[in-house]
$ cat my_file.cif   # mmCIF, N, CA and C atoms
data_data
#
loop_
_atom_site.group_PDB
_atom_site.id
_atom_site.type_symbol
_atom_site.label_atom_id
_atom_site.label_comp_id
_atom_site.auth_asym_id
_atom_site.auth_seq_id
_atom_site.Cartn_x
_atom_site.Cartn_y
_atom_site.Cartn_z
ATOM 1 N N MET A 1 288.664 281.534 78.378
ATOM 2 C CA MET A 1 287.625 282.482 78.709
ATOM 3 C C MET A 1 288.220 283.583 79.586
ATOM 4 N N SER A 2 287.842 284.787 79.323
ATOM 5 C CA SER A 2 288.357 285.928 80.071
ATOM 6 C C SER A 2 287.661 286.057 81.420
ATOM 7 N N GLU A 3 288.402 286.533 82.408
ATOM 8 C CA GLU A 3 287.809 286.776 83.720
ATOM 9 C C GLU A 3 287.051 288.101 83.750
ATOM 10 N N TRP A 4 287.197 288.892 82.678
ATOM 11 C CA TRP A 4 286.556 290.197 82.587
ATOM 12 C C TRP A 4 285.189 290.088 81.941
ATOM 13 N N ARG A 5 284.247 290.879 82.420
ATOM 14 C CA ARG A 5 282.928 291.005 81.804
ATOM 15 C C ARG A 5 282.786 292.427 81.303
ATOM 16 N N SER A 6 281.894 292.636 80.370
ATOM 17 C CA SER A 6 281.668 293.984 79.844
ATOM 18 C C SER A 6 281.222 294.918 80.958
ATOM 19 N N ALA A 7 281.597 296.188 80.824
ATOM 20 C CA ALA A 7 281.216 297.197 81.820
ATOM 21 C C ALA A 7 281.126 298.556 81.140
ATOM 22 N N LYS A 8 280.305 299.418 81.676
ATOM 23 C CA LYS A 8 280.194 300.786 81.171
ATOM 24 C C LYS A 8 281.463 301.554 81.535
ATOM 25 N N ALA A 9 281.832 302.489 80.670
ATOM 26 C CA ALA A 9 283.049 303.268 80.870
ATOM 27 C C ALA A 9 282.993 304.075 82.170
ATOM 28 N N GLU A 10 281.812 304.591 82.533
ATOM 29 C CA GLU A 10 281.706 305.376 83.768
ATOM 30 C C GLU A 10 282.003 304.509 84.993
ATOM 31 N N ARG A 11 281.622 303.236 84.937
ATOM 32 C CA ARG A 11 281.902 302.325 86.055
ATOM 33 C C ARG A 11 283.397 302.025 86.142
ATOM 34 N N VAL A 12 284.034 301.860 84.987
ATOM 35 C CA VAL A 12 285.476 301.602 84.949
ATOM 36 C C VAL A 12 286.247 302.820 85.464
ATOM 37 N N LEU A 13 285.842 303.995 85.018
ATOM 38 C CA LEU A 13 286.510 305.221 85.463
ATOM 39 C C LEU A 13 286.365 305.400 86.981
ATOM 40 N N SER A 14 285.183 305.165 87.518
ATOM 41 C CA SER A 14 285.011 305.323 88.968
ATOM 42 C C SER A 14 285.835 304.291 89.736
ATOM 43 N N ALA A 15 285.990 303.087 89.179
ATOM 44 C CA ALA A 15 286.838 302.076 89.821
ATOM 45 C C ALA A 15 288.298 302.518 89.808
ATOM 46 N N LEU A 16 288.740 303.095 88.692
ATOM 47 C CA LEU A 16 290.117 303.592 88.616
ATOM 48 C C LEU A 16 290.356 304.713 89.626
ATOM 49 N N LEU A 17 289.379 305.586 89.783
ATOM 50 C CA LEU A 17 289.517 306.673 90.763
ATOM 51 C C LEU A 17 289.575 306.117 92.184
ATOM 52 N N ARG A 18 288.822 305.058 92.454
ATOM 53 C CA ARG A 18 288.832 304.444 93.789
ATOM 54 C C ARG A 18 290.172 303.800 94.122
ATOM 55 N N ILE A 19 290.865 303.248 93.114
ATOM 56 C CA ILE A 19 292.137 302.564 93.402
ATOM 57 C C ILE A 19 293.339 303.500 93.343
ATOM 58 N N GLY A 20 293.087 304.799 93.214
ATOM 59 C CA GLY A 20 294.193 305.740 93.350
ATOM 60 C C GLY A 20 294.517 306.596 92.140
ATOM 61 N N TRP A 21 293.857 306.385 91.021
ATOM 62 C CA TRP A 21 294.085 307.224 89.845
ATOM 63 C C TRP A 21 293.312 308.520 89.998
ATOM 64 N N SER A 22 293.808 309.582 89.398
ATOM 65 C CA SER A 22 293.096 310.866 89.418
ATOM 66 C C SER A 22 293.143 311.480 88.023
ATOM 67 N N VAL A 23 292.161 312.330 87.740
ATOM 68 C CA VAL A 23 292.098 312.988 86.433
ATOM 69 C C VAL A 23 293.062 314.164 86.457
ATOM 70 N N LYS A 24 294.084 314.087 85.626
ATOM 71 C CA LYS A 24 295.100 315.130 85.551
ATOM 72 C C LYS A 24 294.599 316.295 84.694
ATOM 73 N N ARG A 25 293.992 315.943 83.562
ATOM 74 C CA ARG A 25 293.370 316.949 82.697
ATOM 75 C C ARG A 25 292.347 316.255 81.808
ATOM 76 N N GLN A 26 291.453 317.059 81.225
ATOM 77 C CA GLN A 26 290.391 316.513 80.397
ATOM 78 C C GLN A 26 290.105 317.438 79.226
ATOM 79 N N SER A 27 289.849 316.839 78.077
ATOM 80 C CA SER A 27 289.430 317.574 76.887
ATOM 81 C C SER A 27 288.342 316.742 76.224
ATOM 82 N N GLY A 28 287.089 317.131 76.407
ATOM 83 C CA GLY A 28 285.974 316.327 75.899
ATOM 84 C C GLY A 28 285.896 315.018 76.651
ATOM 85 N N SER A 29 285.856 313.915 75.907
ATOM 86 C CA SER A 29 285.795 312.606 76.563
ATOM 87 C C SER A 29 287.186 312.026 76.816
ATOM 88 N N HIS A 30 288.236 312.728 76.415
ATOM 89 C CA HIS A 30 289.602 312.266 76.646
ATOM 90 C C HIS A 30 290.091 312.773 78.004
ATOM 91 N N ARG A 31 290.383 311.822 78.877
ATOM 92 C CA ARG A 31 290.903 312.169 80.197
ATOM 93 C C ARG A 31 292.307 311.583 80.328
ATOM 94 N N VAL A 32 293.217 312.358 80.866
ATOM 95 C CA VAL A 32 294.551 311.853 81.178
ATOM 96 C C VAL A 32 294.547 311.563 82.667
ATOM 97 N N LEU A 33 294.754 310.286 82.992
ATOM 98 C CA LEU A 33 294.755 309.852 84.388
ATOM 99 C C LEU A 33 296.195 309.731 84.871
ATOM 100 N N SER A 34 296.409 310.088 86.117
ATOM 101 C CA SER A 34 297.753 309.976 86.675
ATOM 102 C C SER A 34 297.686 309.303 88.043
ATOM 103 N N ARG A 35 298.790 308.684 88.391
ATOM 104 C CA ARG A 35 298.937 308.033 89.694
ATOM 105 C C ARG A 35 300.423 308.060 90.022
ATOM 106 N N ARG A 36 300.716 308.337 91.253
ATOM 107 C CA ARG A 36 302.112 308.437 91.674
ATOM 108 C C ARG A 36 302.872 307.152 91.343
ATOM 109 N N SER A 37 304.061 307.300 90.777
ATOM 110 C CA SER A 37 304.967 306.203 90.394
ATOM 111 C C SER A 37 304.456 305.376 89.207
ATOM 112 N N TRP A 38 303.477 305.885 88.479
ATOM 113 C CA TRP A 38 302.944 305.214 87.291
ATOM 114 C C TRP A 38 303.012 306.191 86.125
ATOM 115 N N SER A 39 303.069 305.668 84.925
ATOM 116 C CA SER A 39 302.979 306.508 83.722
ATOM 117 C C SER A 39 301.542 306.969 83.548
ATOM 118 N N ASP A 40 301.359 308.156 82.974
ATOM 119 C CA ASP A 40 300.015 308.655 82.710
ATOM 120 C C ASP A 40 299.307 307.751 81.702
ATOM 121 N N VAL A 41 297.985 307.675 81.831
ATOM 122 C CA VAL A 41 297.156 306.834 80.972
ATOM 123 C C VAL A 41 296.045 307.692 80.386
ATOM 124 N N VAL A 42 295.798 307.548 79.082
ATOM 125 C CA VAL A 42 294.696 308.266 78.443
ATOM 126 C C VAL A 42 293.465 307.375 78.477
ATOM 127 N N PHE A 43 292.386 307.891 79.046
ATOM 128 C CA PHE A 43 291.109 307.187 79.112
ATOM 129 C C PHE A 43 290.165 307.943 78.185
ATOM 130 N N ALA A 44 289.927 307.392 76.988
ATOM 131 C CA ALA A 44 289.203 308.122 75.937
ATOM 132 C C ALA A 44 287.891 307.437 75.573
ATOM 133 N N PHE A 45 287.000 307.327 76.545
ATOM 134 C CA PHE A 45 285.717 306.672 76.312
ATOM 135 C C PHE A 45 284.590 307.563 76.812
ATOM 136 N N HIS A 46 283.473 307.537 76.102
ATOM 137 C CA HIS A 46 282.285 308.238 76.578
ATOM 138 C C HIS A 46 281.694 307.449 77.737
ATOM 139 N N GLU A 47 281.068 308.129 78.676
ATOM 140 C CA GLU A 47 280.596 307.499 79.905
ATOM 141 C C GLU A 47 279.658 306.314 79.672
ATOM 142 N N LYS A 48 278.759 306.404 78.711
ATOM 143 C CA LYS A 48 277.773 305.342 78.484
ATOM 144 C C LYS A 48 278.278 304.229 77.576
ATOM 145 N N GLU A 49 279.514 304.358 77.080
ATOM 146 C CA GLU A 49 280.082 303.364 76.172
ATOM 147 C C GLU A 49 280.346 302.056 76.914
ATOM 148 N N GLU A 50 280.029 300.955 76.269
ATOM 149 C CA GLU A 50 280.242 299.622 76.843
ATOM 150 C C GLU A 50 281.640 299.139 76.453
ATOM 151 N N LEU A 51 282.435 298.764 77.445
ATOM 152 C CA LEU A 51 283.787 298.260 77.206
ATOM 153 C C LEU A 51 283.765 296.742 77.343
ATOM 154 N N GLY A 52 284.284 296.069 76.349
ATOM 155 C CA GLY A 52 284.299 294.613 76.347
ATOM 156 C C GLY A 52 285.456 294.037 77.135
ATOM 157 N N PRO A 53 285.467 292.708 77.284
ATOM 158 C CA PRO A 53 286.521 292.038 78.057
ATOM 159 C C PRO A 53 287.931 292.305 77.548
ATOM 160 N N ARG A 54 288.115 292.348 76.236
ATOM 161 C CA ARG A 54 289.455 292.569 75.696
ATOM 162 C C ARG A 54 289.974 293.963 76.049
ATOM 163 N N MET A 55 289.120 294.977 75.927
ATOM 164 C CA MET A 55 289.545 296.344 76.257
ATOM 165 C C MET A 55 289.794 296.469 77.757
ATOM 166 N N LEU A 56 288.961 295.853 78.576
ATOM 167 C CA LEU A 56 289.173 295.896 80.027
ATOM 168 C C LEU A 56 290.493 295.238 80.400
ATOM 169 N N SER A 57 290.841 294.165 79.726
ATOM 170 C CA SER A 57 292.112 293.499 79.986
ATOM 171 C C SER A 57 293.290 294.404 79.629
ATOM 172 N N ARG A 58 293.166 295.126 78.523
ATOM 173 C CA ARG A 58 294.231 296.058 78.117
ATOM 174 C C ARG A 58 294.363 297.204 79.117
ATOM 175 N N ILE A 59 293.232 297.715 79.585
ATOM 176 C CA ILE A 59 293.257 298.786 80.591
ATOM 177 C C ILE A 59 293.899 298.274 81.875
ATOM 178 N N ALA A 60 293.567 297.041 82.256
ATOM 179 C CA ALA A 60 294.100 296.458 83.489
ATOM 180 C C ALA A 60 295.616 296.325 83.458
ATOM 181 N N LYS A 61 296.169 296.019 82.302
ATOM 182 C CA LYS A 61 297.620 295.842 82.195
ATOM 183 C C LYS A 61 298.384 297.121 82.508
ATOM 184 N N VAL A 62 297.815 298.270 82.187
ATOM 185 C CA VAL A 62 298.532 299.525 82.405
ATOM 186 C C VAL A 62 298.084 300.270 83.663
ATOM 187 N N THR A 63 297.013 299.792 84.324
ATOM 188 C CA THR A 63 296.496 300.510 85.492
ATOM 189 C C THR A 63 296.415 299.665 86.764
ATOM 190 N N ALA A 64 296.655 298.362 86.677
ATOM 191 C CA ALA A 64 296.536 297.441 87.814
ATOM 192 C C ALA A 64 295.090 297.280 88.271
ATOM 193 N N LEU A 65 294.141 297.516 87.396
ATOM 194 C CA LEU A 65 292.727 297.295 87.708
ATOM 195 C C LEU A 65 292.466 295.793 87.750
ATOM 196 N N LYS A 66 291.647 295.357 88.698
ATOM 197 C CA LYS A 66 291.300 293.950 88.830
ATOM 198 C C LYS A 66 289.780 293.793 88.671
ATOM 199 N N PRO A 67 289.323 292.630 88.244
ATOM 200 C CA PRO A 67 287.877 292.431 88.072
ATOM 201 C C PRO A 67 287.073 292.725 89.340
ATOM 202 N N GLU A 68 287.637 292.425 90.488
ATOM 203 C CA GLU A 68 286.903 292.682 91.738
ATOM 204 C C GLU A 68 286.810 294.172 92.082
ATOM 205 N N ASP A 69 287.629 295.011 91.423
ATOM 206 C CA ASP A 69 287.541 296.462 91.644
ATOM 207 C C ASP A 69 286.282 297.047 91.021
ATOM 208 N N LEU A 70 285.738 296.374 90.015
ATOM 209 C CA LEU A 70 284.514 296.855 89.378
ATOM 210 C C LEU A 70 283.343 296.477 90.245
#
$ encode --input "my_file.cif" --output "structure tokens"
Amino acid sequence: MSEWRSAKAERVLSALLRIGWSVKRQSGSHRVLSRRSWSDVVFAFHEKEELGPRMLSRIAKVTALKPEDL
């Protein structure tokens, strides 16, 4: 069983911003997030979109997001 629960994309994005990521540029719903000493990450979800546990786990691997950050 995954430790992740579904969450809205806007909640995930705000959690990423809180842990140090920033929006480098945006085109529509595609945002390129950057953080010092990390590779840029493309966050391409509409704000009201529901992200499942598998997608949250994939995002966590490249951003260091933890379930308690949400």
$ closest_residue --input "my_file.cif" --among "A:Leu16, A:Ala44, A:Ala7, A:Leu33" --to "Ala60 (chain A)" --atoms "only C-alpha atoms"
A:Leu16
$ residues_around --input "my_file.cif" --residues "Asp69 (chain A)" --least-positions-apart "6" --cutoff "8 Å" --atoms "only N, CA and C atoms" --output "PDB file with N, CA and C atoms, in the coordinates of the input"
ATOM      1  N   ARG A  11     281.622 303.236  84.937  1.00  0.00           N
ATOM      2  CA  ARG A  11     281.902 302.325  86.055  1.00  0.00           C
ATOM      3  C   ARG A  11     283.397 302.025  86.142  1.00  0.00           C
ATOM      4  N   VAL A  12     284.034 301.860  84.987  1.00  0.00           N
ATOM      5  CA  VAL A  12     285.476 301.602  84.949  1.00  0.00           C
ATOM      6  C   VAL A  12     286.247 302.820  85.464  1.00  0.00           C
ATOM      7  N   SER A  14     285.183 305.165  87.518  1.00  0.00           N
ATOM      8  CA  SER A  14     285.011 305.323  88.968  1.00  0.00           C
ATOM      9  C   SER A  14     285.835 304.291  89.736  1.00  0.00           C
ATOM     10  N   ALA A  15     285.990 303.087  89.179  1.00  0.00           N
ATOM     11  CA  ALA A  15     286.838 302.076  89.821  1.00  0.00           C
ATOM     12  C   ALA A  15     288.298 302.518  89.808  1.00  0.00           C
ATOM     13  N   LEU A  16     288.740 303.095  88.692  1.00  0.00           N
ATOM     14  CA  LEU A  16     290.117 303.592  88.616  1.00  0.00           C
ATOM     15  C   LEU A  16     290.356 304.713  89.626  1.00  0.00           C
ATOM     16  N   ILE A  19     290.865 303.248  93.114  1.00  0.00           N
ATOM     17  CA  ILE A  19     292.137 302.564  93.402  1.00  0.00           C
ATOM     18  C   ILE A  19     293.339 303.500  93.343  1.00  0.00           C
TER      19      ILE A  19
END
$ residues_around --input "my_file.cif" --residues "Lys8 (chain A)" --least-positions-apart "6" --cutoff "8 Å" --atoms "only C-alpha atoms" --output "ChimeraX atom specification"
/A:47-51
$ resolve_selection --input "my_file.cif" --expression "the PyMOL selection byres (((chain A and resi 34 and name CA) around 6) and name CA)" --output "PyMOL selection string"
chain A and resi 21-22+24+33+35+40
$ residues_around --input "my_file.cif" --residues "Pro53 (chain A)" --least-positions-apart "4" --cutoff "6.5 Å" --atoms "all atoms listed in the file" --output "PyMOL selection string"
chain A and resi 4-7+57-58
$ select_by_dssp --input "my_file.cif" --residues "chain A" --states "alpha helix (DSSP H)" --output "list in words"
Ala9, Glu10, Arg11, Val12, Leu13, Ser14, Ala15, Leu16, Leu17, Arg18, Pro53, Arg54, Met55, Leu56, Ser57, Arg58, Ile59, Ala60, Lys61, Val62 and Thr63 of chain A
$ atom_distance --input "my_file.cif" --atom1 "CA of Val42 (chain A)" --atom2 "CA of Gln26 (chain A)"
9.5 Å
$ residues_around --input "my_file.cif" --residues "His46 (chain A)" --least-positions-apart "4" --cutoff "6.5 Å" --atoms "all atoms listed in the file" --output "list in words"
Ala9, Glu10 and Ser29 of chain A
$ write_last_selection --input "my_file.cif" --atoms "N, CA and C atoms" --output "compact mmCIF listing (two decimals), in the coordinates of the input"
# COMPACT_ATOMS: atom_id res chain seq x y z
N ALA A 9 281.83 302.49 80.67
CA ALA A 9 283.05 303.27 80.87
C ALA A 9 282.99 304.08 82.17
N GLU A 10 281.81 304.59 82.53
CA GLU A 10 281.71 305.38 83.77
C GLU A 10 282.00 304.51 84.99
N SER A 29 285.86 313.92 75.91
CA SER A 29 285.80 312.61 76.56
C SER A 29 287.19 312.03 76.82
$ atom_distance --input "my_file.cif" --atom1 "atom C of His30 (chain A)" --atom2 "atom N of Phe43 (chain A)"
5.5 Å
$ axis_aligned_box --input "my_file.cif" --around "region 1-12 of chain A" --padding-each-side "8 Å" --output "AutoDock Vina command-line options"
--center_x 284.4 --center_y 293.5 --center_z 82.3 --size_x 24.5 --size_y 39.8 --size_z 23.8
$ atom_distance --input "my_file.cif" --atom1 "CA of Val62 (chain A)" --atom2 "CA of Gly28 (chain A)"
22.0 Å
